[in-house]
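**Student:** Sharing upload-v3.tsv, TSV, C-alpha atoms:
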chain	number	residue	atom	x	y	z
D	134	MET	CA	44.09	-19.38	-18.69
D	135	ASN	CA	41.31	-17.21	-20.13
D	136	PRO	CA	38.15	-16.36	-18.14
D	137	LEU	CA	36.02	-18.90	-20.05
D	138	GLN	CA	38.40	-21.74	-19.23
D	139	THR	CA	38.52	-20.61	-15.61
D	140	LEU	CA	34.71	-20.67	-15.44
D	141	ARG	CA	34.61	-24.13	-17.05
D	142	VAL	CA	37.12	-25.52	-14.53
D	143	ALA	CA	35.23	-23.91	-11.63
D	144	ILE	CA	31.88	-25.35	-12.71
D	145	ARG	CA	33.42	-28.80	-13.18
D	146	ALA	CA	34.89	-28.62	-9.67
D	147	LEU	CA	31.54	-27.60	-8.17
D	148	LEU	CA	29.64	-30.34	-9.99
D	149	ARG	CA	31.91	-33.00	-8.48
D	150	ASN	CA	30.10	-32.35	-5.17
D	151	LYS	CA	26.59	-31.36	-6.24
D	152	MET	CA	24.91	-31.78	-2.87
D	153	ARG	CA	27.60	-29.85	-1.03
D	154	SER	CA	27.45	-27.09	-3.60
D	155	PHE	CA	23.66	-26.88	-3.24
D	156	LEU	CA	23.81	-26.79	0.55
D	157	THR	CA	26.48	-24.10	0.33
D	158	THR	CA	24.17	-21.88	-1.74
D	159	LEU	CA	21.17	-22.55	0.50
D	160	GLY	CA	21.88	-19.56	2.74
D	161	ILE	CA	22.07	-17.28	-0.29
D	162	ILE	CA	18.87	-18.79	-1.72
D	163	ILE	CA	16.96	-18.26	1.52
D	164	GLY	CA	18.28	-14.72	1.96
D	165	VAL	CA	17.51	-13.56	-1.58
D	166	SER	CA	14.09	-15.23	-1.64
D	167	ALA	CA	13.21	-13.60	1.70
D	168	VAL	CA	14.25	-10.16	0.40
D	169	ILE	CA	12.26	-10.59	-2.82
D	170	ALA	CA	9.12	-11.93	-1.15
D	171	MET	CA	9.03	-9.49	1.76
D	172	VAL	CA	9.74	-6.38	-0.32
D	173	ALA	CA	7.20	-7.44	-2.96
D	174	ILE	CA	4.46	-7.96	-0.39
D	175	GLY	CA	5.44	-4.78	1.46
D	176	GLU	CA	5.28	-2.71	-1.72
D	177	GLY	CA	1.96	-4.30	-2.62
D	178	ALA	CA	0.56	-3.49	0.82
D	179	LYS	CA	1.72	0.14	0.46
D	180	ALA	CA	0.05	0.36	-2.96
D	181	GLN	CA	-3.16	-1.05	-1.46
D	182	VAL	CA	-3.11	1.51	1.35
D	183	GLU	CA	-2.56	4.32	-1.16
D	184	ALA	CA	-5.42	3.04	-3.33
D	185	GLN	CA	-7.77	2.77	-0.36
D	186	PHE	CA	-7.09	6.31	0.81
D	187	ALA	CA	-7.28	7.58	-2.77
D	188	SER	CA	-10.75	6.01	-3.01
D	189	MET	CA	-11.80	7.99	0.07
D	190	GLY	CA	-10.81	11.22	-1.63
D	191	SER	CA	-7.81	13.44	-2.28
D	192	ASN	CA	-6.45	15.99	0.20
D	193	LEU	CA	-9.41	15.21	2.43
D	194	LEU	CA	-10.43	16.70	5.76
D	195	ILE	CA	-13.60	15.66	7.60
D	196	VAL	CA	-15.04	18.19	10.05
D	197	LEU	CA	-17.22	16.55	12.71
D	198	PRO	CA	-19.56	18.38	15.12
D	199	GLY	CA	-19.11	18.29	18.90
D	200	SER	CA	-20.14	15.87	21.59
D	201	THR	CA	-22.85	15.83	24.24
D	202	THR	CA	-22.33	15.54	28.00
D	203	SER	CA	-25.12	14.13	30.15
D	204	GLY	CA	-24.92	12.79	33.70
D	205	GLY	CA	-21.14	12.79	33.53
D	206	MET	CA	-21.17	10.67	30.39
D	207	ARG	CA	-19.73	12.12	27.17
D	208	GLY	CA	-20.95	11.13	23.74
D	209	GLY	CA	-18.67	10.83	20.74
D	210	PHE	CA	-18.03	13.55	18.19
D	211	GLY	CA	-21.15	14.13	16.14
D	212	SER	CA	-23.55	13.54	19.01
D	213	MET	CA	-24.31	17.27	19.33
D	214	PRO	CA	-24.74	19.60	16.33
D	215	THR	CA	-22.30	22.50	16.56
D	216	LEU	CA	-21.54	23.16	12.89
D	217	THR	CA	-23.74	25.64	11.07
D	218	TRP	CA	-24.48	26.36	7.43
D	219	ASP	CA	-22.74	29.71	7.93
D	220	ASP	CA	-19.63	27.76	9.06
D	221	LEU	CA	-19.74	25.83	5.80
D	222	ARG	CA	-20.01	29.03	3.74
D	223	ALA	CA	-17.15	30.59	5.72
D	224	ILE	CA	-14.91	27.56	5.10
D	225	ARG	CA	-15.65	27.81	1.37
D	226	THR	CA	-14.97	31.53	1.08
D	227	GLU	CA	-12.51	32.50	3.83
D	228	VAL	CA	-9.93	29.69	3.87
D	229	PRO	CA	-7.47	30.14	0.96
D	230	THR	CA	-6.17	26.55	1.10
D	231	VAL	CA	-9.66	25.04	0.70
D	232	LYS	CA	-10.75	24.14	-2.82
D	233	TYR	CA	-14.09	22.47	-2.07
D	234	ALA	CA	-16.34	22.09	0.95
D	235	ALA	CA	-19.60	20.17	1.14
D	236	ALA	CA	-22.02	19.06	3.82
D	237	GLN	CA	-22.94	15.41	4.11
D	238	LEU	CA	-26.19	14.39	5.78
D	239	SER	CA	-27.02	10.71	6.16
D	240	SER	CA	-29.80	8.32	6.97
D	241	VAL	CA	-30.46	4.60	6.65
D	242	ALA	CA	-33.40	3.98	4.32
D	243	GLN	CA	-35.18	1.24	2.43
D	244	LEU	CA	-34.91	1.60	-1.35
D	245	ALA	CA	-37.40	-0.15	-3.62
D	246	SER	CA	-37.50	-0.68	-7.36
D	247	GLU	CA	-40.45	-2.30	-9.17
D	248	ASP	CA	-39.72	-5.81	-7.88
D	249	GLN	CA	-36.78	-5.57	-5.43
D	250	ASN	CA	-35.85	-3.65	-2.29
D	251	TRP	CA	-32.60	-2.96	-0.47
D	252	SER	CA	-31.67	-1.19	2.77
D	253	THR	CA	-28.66	1.11	2.48
D	254	ARG	CA	-27.12	4.36	3.66
D	255	VAL	CA	-28.59	7.41	1.90
D	256	TYR	CA	-26.64	10.66	1.82
D	257	GLY	CA	-27.73	14.21	1.10
D	258	THR	CA	-25.00	16.41	-0.36
D	259	THR	CA	-23.94	18.81	-3.12
D	260	PRO	CA	-21.85	18.38	-6.30
D	261	GLU	CA	-18.64	19.51	-4.53
D	262	TYR	CA	-18.72	16.32	-2.47
D	263	PHE	CA	-18.03	14.17	-5.53
D	264	SER	CA	-15.09	16.39	-6.49
D	265	ILE	CA	-13.63	16.01	-3.00
D	266	ARG	CA	-14.07	12.23	-3.10
D	267	ASP	CA	-12.77	11.92	-6.70
D	268	TRP	CA	-15.97	10.03	-7.46
D	269	PRO	CA	-17.16	10.39	-11.07
D	270	THR	CA	-20.42	9.12	-12.52
D	271	ALA	CA	-19.95	5.95	-14.61
D	272	VAL	CA	-23.43	5.91	-16.19
D	273	GLY	CA	-25.84	8.80	-16.61
D	274	SER	CA	-25.23	12.40	-15.55
D	275	PRO	CA	-23.48	13.78	-12.47
D	276	MET	CA	-25.25	15.83	-9.83
D	277	SER	CA	-25.62	19.47	-10.89
D	278	ASP	CA	-25.93	22.69	-8.91
D	279	SER	CA	-29.53	23.02	-10.10
D	280	ASP	CA	-30.26	19.56	-8.66
D	281	ALA	CA	-28.84	20.56	-5.28
D	282	GLU	CA	-30.45	24.01	-5.11
D	283	GLY	CA	-33.79	23.16	-6.72
D	284	GLY	CA	-34.63	20.11	-4.62
D	285	THR	CA	-34.88	17.88	-7.69
D	286	LYS	CA	-36.06	14.39	-6.81
D	287	VAL	CA	-33.20	12.45	-8.38
D	288	VAL	CA	-30.95	9.81	-6.90
D	289	PHE	CA	-27.42	8.60	-7.66
D	290	LEU	CA	-26.73	4.96	-6.86
D	291	GLY	CA	-23.61	3.00	-6.02
D	292	GLN	CA	-22.98	-0.17	-8.01
D	293	THR	CA	-23.86	-2.51	-5.11
D	294	VAL	CA	-27.31	-0.92	-4.80
D	295	VAL	CA	-27.81	-1.17	-8.57
D	296	ASP	CA	-26.91	-4.88	-8.53
D	297	ASN	CA	-29.40	-5.60	-5.74
D	298	LEU	CA	-32.27	-3.50	-7.09
D	299	PHE	CA	-31.93	-4.07	-10.84
D	300	GLY	CA	-29.49	-6.94	-11.32
D	301	ALA	CA	-25.90	-7.14	-12.55
D	302	ASN	CA	-25.01	-5.18	-15.72
D	303	ALA	CA	-28.33	-3.29	-15.60
D	304	ASN	CA	-28.66	0.36	-16.61
D	305	PRO	CA	-31.14	1.90	-14.17
D	306	VAL	CA	-30.86	5.48	-15.45
D	307	GLY	CA	-34.37	6.86	-15.93
D	308	GLN	CA	-35.93	4.22	-13.66
D	309	VAL	CA	-37.82	5.18	-10.51
D	310	VAL	CA	-36.59	4.14	-7.07
D	311	ARG	CA	-38.67	4.75	-3.96
D	312	VAL	CA	-36.68	6.02	-0.97
D	313	LYS	CA	-38.78	5.80	2.19
D	314	ASN	CA	-41.77	5.51	-0.17
D	315	VAL	CA	-40.85	8.77	-1.94
D	316	PRO	CA	-40.25	8.31	-5.69
D	317	PHE	CA	-36.86	9.44	-7.06
D	318	GLU	CA	-35.61	9.14	-10.62
D	319	VAL	CA	-32.22	7.48	-11.05
D	320	LYS	CA	-30.06	10.09	-12.76
D	321	GLY	CA	-26.66	8.39	-12.52
D	322	VAL	CA	-24.66	5.37	-11.36
D	323	LEU	CA	-21.41	6.16	-9.59
D	324	ALA	CA	-18.07	4.60	-10.57
D	325	GLU	CA	-17.09	1.60	-8.45
D	326	LYS	CA	-14.96	2.37	-5.39
D	327	GLY	CA	-14.62	-1.11	-3.92
D	328	GLN	CA	-14.08	-1.88	-0.23
D	329	SER	CA	-12.07	-0.20	2.48
D	330	SER	CA	-9.41	-2.03	4.54
D	331	TRP	CA	-11.99	-2.54	7.32
D	332	GLY	CA	-14.55	-4.09	4.98
D	333	GLN	CA	-16.86	-1.14	4.31
D	334	ASP	CA	-18.46	-1.32	0.86
D	335	TYR	CA	-18.14	2.16	-0.62
D	336	ASP	CA	-20.58	1.22	-3.41
D	337	ASP	CA	-23.44	0.34	-1.06
D	338	VAL	CA	-24.74	3.93	-1.02
D	339	ALA	CA	-27.27	6.28	-2.56
D	340	PHE	CA	-26.93	10.06	-2.91
D	341	ILE	CA	-29.73	12.62	-3.09
D	342	PRO	CA	-29.36	16.38	-3.68
D	343	LEU	CA	-29.13	18.20	-0.36
D	344	LYS	CA	-32.38	20.17	-0.50
D	345	ALA	CA	-34.43	17.16	-1.62
D	346	PHE	CA	-32.86	15.10	1.17
D	347	GLN	CA	-33.85	17.71	3.78
D	348	THR	CA	-37.44	18.07	2.55
D	349	LYS	CA	-38.24	14.47	1.57
D	350	ILE	CA	-35.99	12.16	3.63
D	351	GLN	CA	-34.83	13.79	6.83
D	352	GLY	CA	-35.67	17.22	8.17
D	353	GLY	CA	-32.81	19.54	9.03
D	354	LEU	CA	-31.94	21.44	12.20
D	355	GLN	CA	-32.47	24.89	10.68
D	356	GLN	CA	-29.15	26.71	11.07
D	357	PHE	CA	-27.21	23.61	12.26
D	358	ILE	CA	-25.83	20.87	10.02
D	359	SER	CA	-27.09	17.46	11.17
D	360	GLY	CA	-24.08	15.74	9.68
D	361	GLN	CA	-20.47	16.53	8.84
D	362	ILE	CA	-18.47	18.69	6.46
D	363	TYR	CA	-16.09	17.28	3.86
D	364	VAL	CA	-13.25	19.60	2.90
D	365	GLY	CA	-10.90	19.23	-0.07
D	366	ALA	CA	-7.60	21.14	0.13
D	367	ILE	CA	-6.01	22.74	-2.94
D	368	SER	CA	-3.13	20.21	-2.82
D	369	GLU	CA	-1.73	17.43	-0.65
D	370	PRO	CA	1.05	19.61	0.86
D	371	ALA	CA	-1.58	22.24	1.71
D	372	THR	CA	-3.81	19.79	3.60
D	373	ALA	CA	-2.09	20.35	6.96
D	374	ARG	CA	-2.27	24.12	6.50
D	375	ALA	CA	-5.95	23.84	5.56
D	376	GLN	CA	-6.59	21.89	8.77
D	377	LYS	CA	-4.94	24.63	10.88
D	378	GLN	CA	-6.79	27.40	9.04
D	379	VAL	CA	-10.20	25.68	9.31
D	380	THR	CA	-9.54	25.03	13.01
D	381	ALA	CA	-8.66	28.69	13.61
D	382	LEU	CA	-11.71	29.85	11.65
D	383	LEU	CA	-14.17	27.62	13.54
D	384	ARG	CA	-12.67	28.46	16.95
D	385	ASP	CA	-13.09	32.15	16.14
D	386	ARG	CA	-16.64	31.70	14.84
D	387	HIS	CA	-17.63	29.56	17.86
D	388	HIS	CA	-15.98	32.03	20.30
D	389	ILE	CA	-13.70	29.39	21.81
D	390	GLY	CA	-11.10	31.01	24.03
D	391	PRO	CA	-7.45	30.00	24.55
D	392	GLY	CA	-7.13	26.79	26.53
D	393	GLN	CA	-10.73	25.76	25.86
D	394	ASP	CA	-11.53	22.51	24.05
D	395	ASP	CA	-12.85	22.59	20.50
D	396	ASP	CA	-16.55	21.84	20.02
D	397	PHE	CA	-15.68	20.08	16.76
D	398	SER	CA	-13.12	17.61	15.46
D	399	ILE	CA	-11.14	17.53	12.22
D	400	ARG	CA	-9.81	14.28	10.77
D	401	ASN	CA	-6.92	14.58	8.35
D	402	LEU	CA	-6.97	11.43	6.22
D	403	THR	CA	-3.73	12.41	4.47
D	404	GLU	CA	-1.89	12.25	7.81
D	405	LEU	CA	-3.52	8.91	8.55
D	406	ALA	CA	-2.46	7.54	5.16
D	407	ASN	CA	1.12	8.78	5.61
D	408	ALA	CA	1.31	7.26	9.10
D	409	GLN	CA	0.06	3.90	7.86
D	410	GLU	CA	2.48	3.99	4.93
D	411	ALA	CA	5.36	4.86	7.28
D	412	SER	CA	4.45	1.86	9.47
D	413	LEU	CA	4.48	-0.40	6.43
D	414	ASN	CA	7.85	1.02	5.38
D	415	THR	CA	9.26	0.25	8.82
D	416	ILE	CA	8.00	-3.32	8.74
D	417	THR	CA	9.27	-3.83	5.18
D	418	ASN	CA	12.71	-2.47	6.07
D	419	LEU	CA	12.86	-4.67	9.16
D	420	LEU	CA	12.04	-7.78	7.16
D	421	ALA	CA	14.58	-6.80	4.50
D	422	ALA	CA	17.22	-6.37	7.21
D	423	VAL	CA	16.47	-9.85	8.56
D	424	ALA	CA	16.77	-11.23	5.03
D	425	ALA	CA	20.10	-9.40	4.61
D	426	VAL	CA	21.37	-11.16	7.73
D	427	ALA	CA	20.40	-14.45	6.09
D	428	LEU	CA	22.50	-13.42	3.09
D	429	LEU	CA	25.43	-12.69	5.41
D	430	VAL	CA	25.09	-16.12	6.99
D	431	GLY	CA	25.00	-17.61	3.51
D	432	GLY	CA	28.26	-15.80	2.70
D	433	ILE	CA	29.91	-17.23	5.79
D	434	GLY	CA	28.75	-20.69	4.66
D	435	ILE	CA	30.40	-20.14	1.28
D	436	MET	CA	33.66	-19.12	2.97
D	437	ASN	CA	33.63	-22.21	5.21
D	438	ILE	CA	33.01	-24.61	2.35
D	439	MET	CA	35.64	-22.95	0.17
D	440	LEU	CA	38.19	-23.29	2.98
D	441	VAL	CA	37.33	-26.98	3.22
D	442	SER	CA	37.64	-27.23	-0.56
D	443	VAL	CA	41.12	-25.65	-0.46
D	444	THR	CA	42.24	-28.19	2.11
D	445	GLU	CA	40.77	-31.12	0.17
D	446	ARG	CA	42.32	-29.98	-3.11
D	447	THR	CA	45.78	-29.06	-1.83
D	448	ARG	CA	47.48	-31.73	-3.99
D	449	GLU	CA	45.45	-30.61	-7.02
D	450	ILE	CA	46.63	-27.03	-6.43
D	451	GLY	CA	50.24	-28.27	-6.14
D	452	VAL	CA	49.99	-30.19	-9.44
D	453	ARG	CA	48.55	-27.18	-11.23
D	454	MET	CA	51.30	-24.95	-9.92
D	455	ALA	CA	53.91	-27.55	-10.89
D	456	VAL	CA	52.72	-27.53	-14.51
D	457	GLY	CA	52.82	-23.74	-14.76
D	458	ALA	CA	49.73	-22.29	-13.09
D	459	LYS	CA	50.46	-18.95	-11.47
D	460	PRO	CA	49.09	-17.81	-8.09
D	461	ARG	CA	46.71	-15.41	-9.84
D	462	ASN	CA	45.25	-18.37	-11.81
D	463	ILE	CA	44.59	-20.29	-8.58
D	464	LEU	CA	43.12	-17.12	-7.00
D	465	ALA	CA	40.87	-16.56	-10.01
D	466	GLN	CA	39.64	-20.18	-10.04
D	467	PHE	CA	38.52	-20.18	-6.40
D	468	LEU	CA	37.04	-16.71	-6.68
D	469	VAL	CA	35.04	-17.79	-9.73
D	470	GLU	CA	33.83	-20.89	-7.84
D	471	ALA	CA	32.61	-18.72	-4.94
D	472	LEU	CA	31.05	-16.19	-7.33
D	473	THR	CA	29.31	-18.98	-9.26
D	474	LEU	CA	27.87	-20.45	-6.06
D	475	ALA	CA	26.60	-17.06	-4.87
D	476	THR	CA	25.17	-15.99	-8.24
D	477	ALA	CA	23.44	-19.33	-8.80
D	478	GLY	CA	21.98	-19.04	-5.29
D	479	GLY	CA	20.83	-15.51	-6.11
D	480	PHE	CA	18.95	-16.57	-9.24
D	481	LEU	CA	17.38	-19.55	-7.47
D	482	GLY	CA	16.43	-17.21	-4.60
D	483	ILE	CA	14.68	-14.86	-7.05
D	484	VAL	CA	12.59	-17.71	-8.47
D	485	LEU	CA	11.76	-19.00	-4.98
D	486	GLY	CA	11.02	-15.50	-3.67
D	487	LEU	CA	8.64	-14.62	-6.50
D	488	THR	CA	6.86	-17.97	-6.18
D	489	GLY	CA	6.67	-17.81	-2.40
D	490	GLY	CA	5.52	-14.19	-2.49
D	491	ARG	CA	2.65	-15.01	-4.86
D	492	VAL	CA	1.56	-17.97	-2.73
D	493	LEU	CA	1.73	-15.93	0.48
D	494	ALA	CA	-0.08	-12.97	-1.08
D	495	ALA	CA	-2.84	-15.26	-2.39
D	496	ARG	CA	-3.28	-16.95	0.99
D	497	LEU	CA	-3.38	-13.70	2.96
D	498	HIS	CA	-5.31	-11.83	0.23
D	499	TRP	CA	-2.57	-9.22	0.02
D	500	PRO	CA	-1.41	-7.58	-3.21
D	501	MET	CA	2.10	-8.21	-4.52
D	502	LEU	CA	4.10	-5.55	-6.34
D	503	MET	CA	7.57	-6.48	-7.58
D	504	ARG	CA	10.29	-3.87	-8.03
D	505	ALA	CA	12.86	-4.60	-10.73
D	506	ASP	CA	15.55	-2.67	-8.86
D	507	ILE	CA	15.20	-4.99	-5.84
D	508	ILE	CA	15.79	-8.03	-8.09
D	509	VAL	CA	18.92	-6.44	-9.57
D	510	ILE	CA	20.18	-5.37	-6.13
D	511	SER	CA	19.61	-8.89	-4.75
D	512	VAL	CA	21.64	-10.51	-7.53
D	513	VAL	CA	24.44	-7.94	-7.26
D	514	PHE	CA	24.52	-8.25	-3.48
D	515	SER	CA	24.67	-12.04	-3.61
D	516	ALA	CA	27.54	-11.80	-6.11
D	517	LEU	CA	29.36	-9.38	-3.81
D	518	VAL	CA	28.84	-11.77	-0.92
D	519	GLY	CA	30.44	-14.53	-3.01
D	520	VAL	CA	33.43	-12.36	-3.91
D	521	ILE	CA	33.98	-10.99	-0.40
D	522	PHE	CA	33.66	-14.29	1.42
D	523	GLY	CA	35.44	-16.22	-1.32
D	524	LEU	CA	38.45	-13.90	-1.33
D	525	TYR	CA	40.13	-15.30	1.78
D	526	PRO	CA	39.93	-18.99	0.76
D	527	ALA	CA	41.04	-18.08	-2.79
D	528	ARG	CA	44.00	-16.08	-1.50
D	529	LYS	CA	44.93	-18.91	0.87
D	530	ALA	CA	44.94	-21.34	-2.06
D	531	SER	CA	47.05	-19.04	-4.24
D	532	LEU	CA	49.71	-18.67	-1.52
D	533	LEU	CA	50.30	-22.39	-1.09
D	534	ASP	CA	53.87	-23.61	-1.60
D	535	PRO	CA	53.81	-25.99	-4.61
D	536	ILE	CA	56.30	-28.42	-3.03
D	537	GLU	CA	54.43	-28.55	0.27
D	538	ALA	CA	51.14	-28.92	-1.62
D	539	LEU	CA	52.46	-31.94	-3.58
D	540	ARG	CA	53.64	-33.57	-0.36
D	541	PHE	CA	50.23	-33.01	1.31
D	542	GLU	CA	48.36	-36.22	2.18
For the structure just supplied, provide its representation as structure tokens.

**Tutor:**
Amino acid sequence: MNPLQTLRVAIRALLRNKMRSFLTTLGIIIGVSAVIAMVAIGEGAKAQVEAQFASMGSNLLIVLPGSTTSGGMRGGFGSMPTLTWDDLRAIRTEVPTVKYAAAQLSSVAQLASEDQNWSTRVYGTTPEYFSIRDWPTAVGSPMSDSDAEGGTKVVFLGQTVVDNLFGANANPVGQVVRVKNVPFEVKGVLAEKGQSSWGQDYDDVAFIPLKAFQTKIQGGLQQFISGQIYVGAISEPATARAQKQVTALLRDRHHIGPGQDDDFSIRNLTELANAQEASLNTITNLLAAVAAVALLVGGIGIMNIMLVSVTERTREIGVRMAVGAKPRNILAQFLVEALTLATAGGFLGIVLGLTGGRVLAARLHWPMLMRADIIVISVVFSALVGVIFGLYPARKASLLDPIEALRFE
């Protein structure tokens, strides 16, 4: 009997008990669909985390000033200025793993166009900041060194501010916006960044060159930076080294002895992103392991039903052997039946998993990213389950004595 005939006989045998065949494949369907859905959502969540941290900037370190202590109560980092402009220059010039460094000063201010107004966070900074944050200008011109050093009264707006002051799809370049009643010309509109995972709108901002910010919006603290320092490392692998080198530099400059606490804090967003991605990997692997157990249970179900099928069809097996079927033909038939059940369950599981994953992702507002290799692995694994768990019943059928099989009632 050729393979095509064997497959035809196996399918005909399975279709004689459609409901039982479907229930037999149910474990495989559930297992494969769970693997597909969970891995797809897990990969989508990882991609979202990567995109969110990429929007914050590449190879990013944030240096925060120290904290105050009053009456036994300690303020958070940033409550006491400890970082100086000389510290910033030293970070730029003396740390070999640092590519960019920029101060960021901030204030909440009311912005007004000719007929609208909007309250937002206004930042004072230099052109290096936009390189650190990977934040290009979508419309107009980017901030230049002459803007930062000359105190030019220009402003760069995020898209949310543009929408609220000028309307959607407007081009405000060249228009005048009053910041705390001081007129600034809109020189550029920044590319959209979207929202962070905690709901912060990155586009609800305005940027002013550092010197203009200090003279027109918020006075400085002379030698101290009344804000924080953004640092961009030369590469992602060098970010941890940059953190150590900046820490050593600032401890030396601030005369902090061994065993004494730092009067500053450094946040490494690359480490935070890697930790969050590792957590997602752990959860994804755990869910995939649970789904694999469901596949194993489905395989046991196939073995049980095939054993029942061998018992029910003992006389049929005896007749086939009596007319010339060899043990290997009987073995092949039952193996093909088990393989057909498992493979059909695998394909149905893929359809159900993709559908369920999309529904779940839409309900939870999570992204979904499907990997083709997971689909292939799921089908191959379900087929292997069918072969492994179908082998014992098939071998049992092939070893039946034809005479005893014909006498079976």

**Student:** Got a sec: who's within 9 Å of stretch 150-163 of chain D, counting all atoms listed in the file, leaving out chain neighbours fewer than 5 positions off, as an MDAnalysis selection string?

**Tutor:** chainID D and resid 168 424 427:435 437:438 474:483 485:486 515 518

**Student:** How far is it from atom CA of D:Ser531 to atom CA of D:Arg461, in Å with one decimal?

**Tutor:**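 That distance, rounded to one decimal, is 6.7 Å.
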
**Student:** So the first atom is atom CA of D:Glu261 and the second is atom CA of D:Leu238; what is the distance between them in Å, to one decimal place?

**Tutor:**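 Atom-to-atom, atom CA of D:Glu261 to atom CA of D:Leu238, that is 13.8 Å.
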
**Student:** Hey, which of D:Thr473, D:Gln243, D:Thr215, D:Asn401 ends up closest to D:Arg145? Count only C-alpha atoms.

**Tutor:**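 Checking each candidate against D:Arg145, we get D:Thr473 as the closest.
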
**Student:** As an exercise, work out the distance from atom CA of D:Val287 to atom CA of D:Gln361 in Å and give it to one decimal place.

**Tutor:** 21.8 Å

**Student:** Using only C-alpha atoms, which residue out of D:Arg496, D:Arg311, D:Lys344, D:Lys179 lies closest to D:Ser279?

**Tutor:**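 For D:Ser279, the nearest of the candidates is D:Lys344.
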
**Student:** Considering only C-alpha atoms, state which residue in the set D:Val469, D:Ala494, D:Ile450, D:Val423 is at the smallest distance from D:Ala516.

**Tutor:**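 Nearest candidate to D:Ala516 out of D:Val469, D:Ala494, D:Ile450, D:Val423: D:Val469.
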
**Student:** Would you place a box with edges along x, y and z of the file around all atoms of stretch 450-453 of chain D listed there, add 5 Å to each of its six sides, and report the centre and edge lengths in Å to one decimal, as JSON?

**Tutor:**
{"center_x": 48.4, "center_y": -28.6, "center_z": -8.7, "size_x": 13.6, "size_y": 13.2, "size_z": 15.1}

**Student:** With a distance cut-off of 9 Å and only C-alpha atoms, select the neighbouring residues of D:Glu247, excluding the residue or stretch itself and same-chain residues fewer than 5 positions from it, and output the selection as a list in words.

**Tutor:**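 In the requested form, the answer reads Leu298, Phe299, Val309, Val310 and Arg311 of chain D.
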
**Student:** Just want the 8 Å neighbourhood of D:Val196, counted on only C-alpha atoms, with same-chain residues fewer than 2 positions away dropped. Output as a list in words.

**Tutor:**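 Within the cut-off, the hits are Leu194, Pro198, Gln361, Ile362, Tyr363, Val364, Phe397, Ser398, Ile399 and Arg400 of chain D.
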
**Student:** Would you save the residues of that selection, restricted to C-alpha atoms, as an mmCIF file, in the coordinates of the input?

**Tutor:**
data_model
loop_
_atom_site.group_PDB
_atom_site.id
_atom_site.type_symbol
_atom_site.label_atom_id
_atom_site.label_comp_id
_atom_site.auth_asym_id
_atom_site.auth_seq_id
_atom_site.Cartn_x
_atom_site.Cartn_y
_atom_site.Cartn_z
ATOM 1 C CA LEU D 194 -10.430 16.700 5.760
ATOM 2 C CA PRO D 198 -19.560 18.380 15.120
ATOM 3 C CA GLN D 361 -20.470 16.530 8.840
ATOM 4 C CA ILE D 362 -18.470 18.690 6.460
ATOM 5 C CA TYR D 363 -16.090 17.280 3.860
ATOM 6 C CA VAL D 364 -13.250 19.600 2.900
ATOM 7 C CA PHE D 397 -15.680 20.080 16.760
ATOM 8 C CA SER D 398 -13.120 17.610 15.460
ATOM 9 C CA ILE D 399 -11.140 17.530 12.220
ATOM 10 C CA ARG D 400 -9.810 14.280 10.770
#

**Student:** Can you pull out the residues contacting D:Ala235? Cut-off 10 Å, using all atoms listed in the file, and skip same-chain residues under 4 positions away; I want them as JSON, numbers by chain.

**Tutor:** {"D": [195, 221, 222, 224, 225, 258, 259, 260, 261, 262, 263, 264, 265, 343, 361, 362, 363, 364, 365]}

**Student:** So which one's closest to D:Glu325, D:Asp337, D:Glu176, D:Asp395, D:Asp385? Using all atoms listed in the file, please.

**Tutor:**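 For D:Glu325, the nearest of the candidates is D:Asp337.
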
**Student:** I'd like to know which of D:Thr444, D:Gln181, D:Ser240, D:Thr488 is closest to D:Val312, using all atoms listed in the file.

**Tutor:**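 Between D:Thr444, D:Gln181, D:Ser240, D:Thr488, the residue approaching D:Val312 most closely is D:Ser240.
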
**Student:** Taking into account all atoms listed in the file, which residue in the set D:Arg504, D:His388, D:Lys349, D:Arg453 is nearest to D:Thr285?

**Tutor:**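 Closest to D:Thr285, using all atoms listed in the file: D:Lys349.
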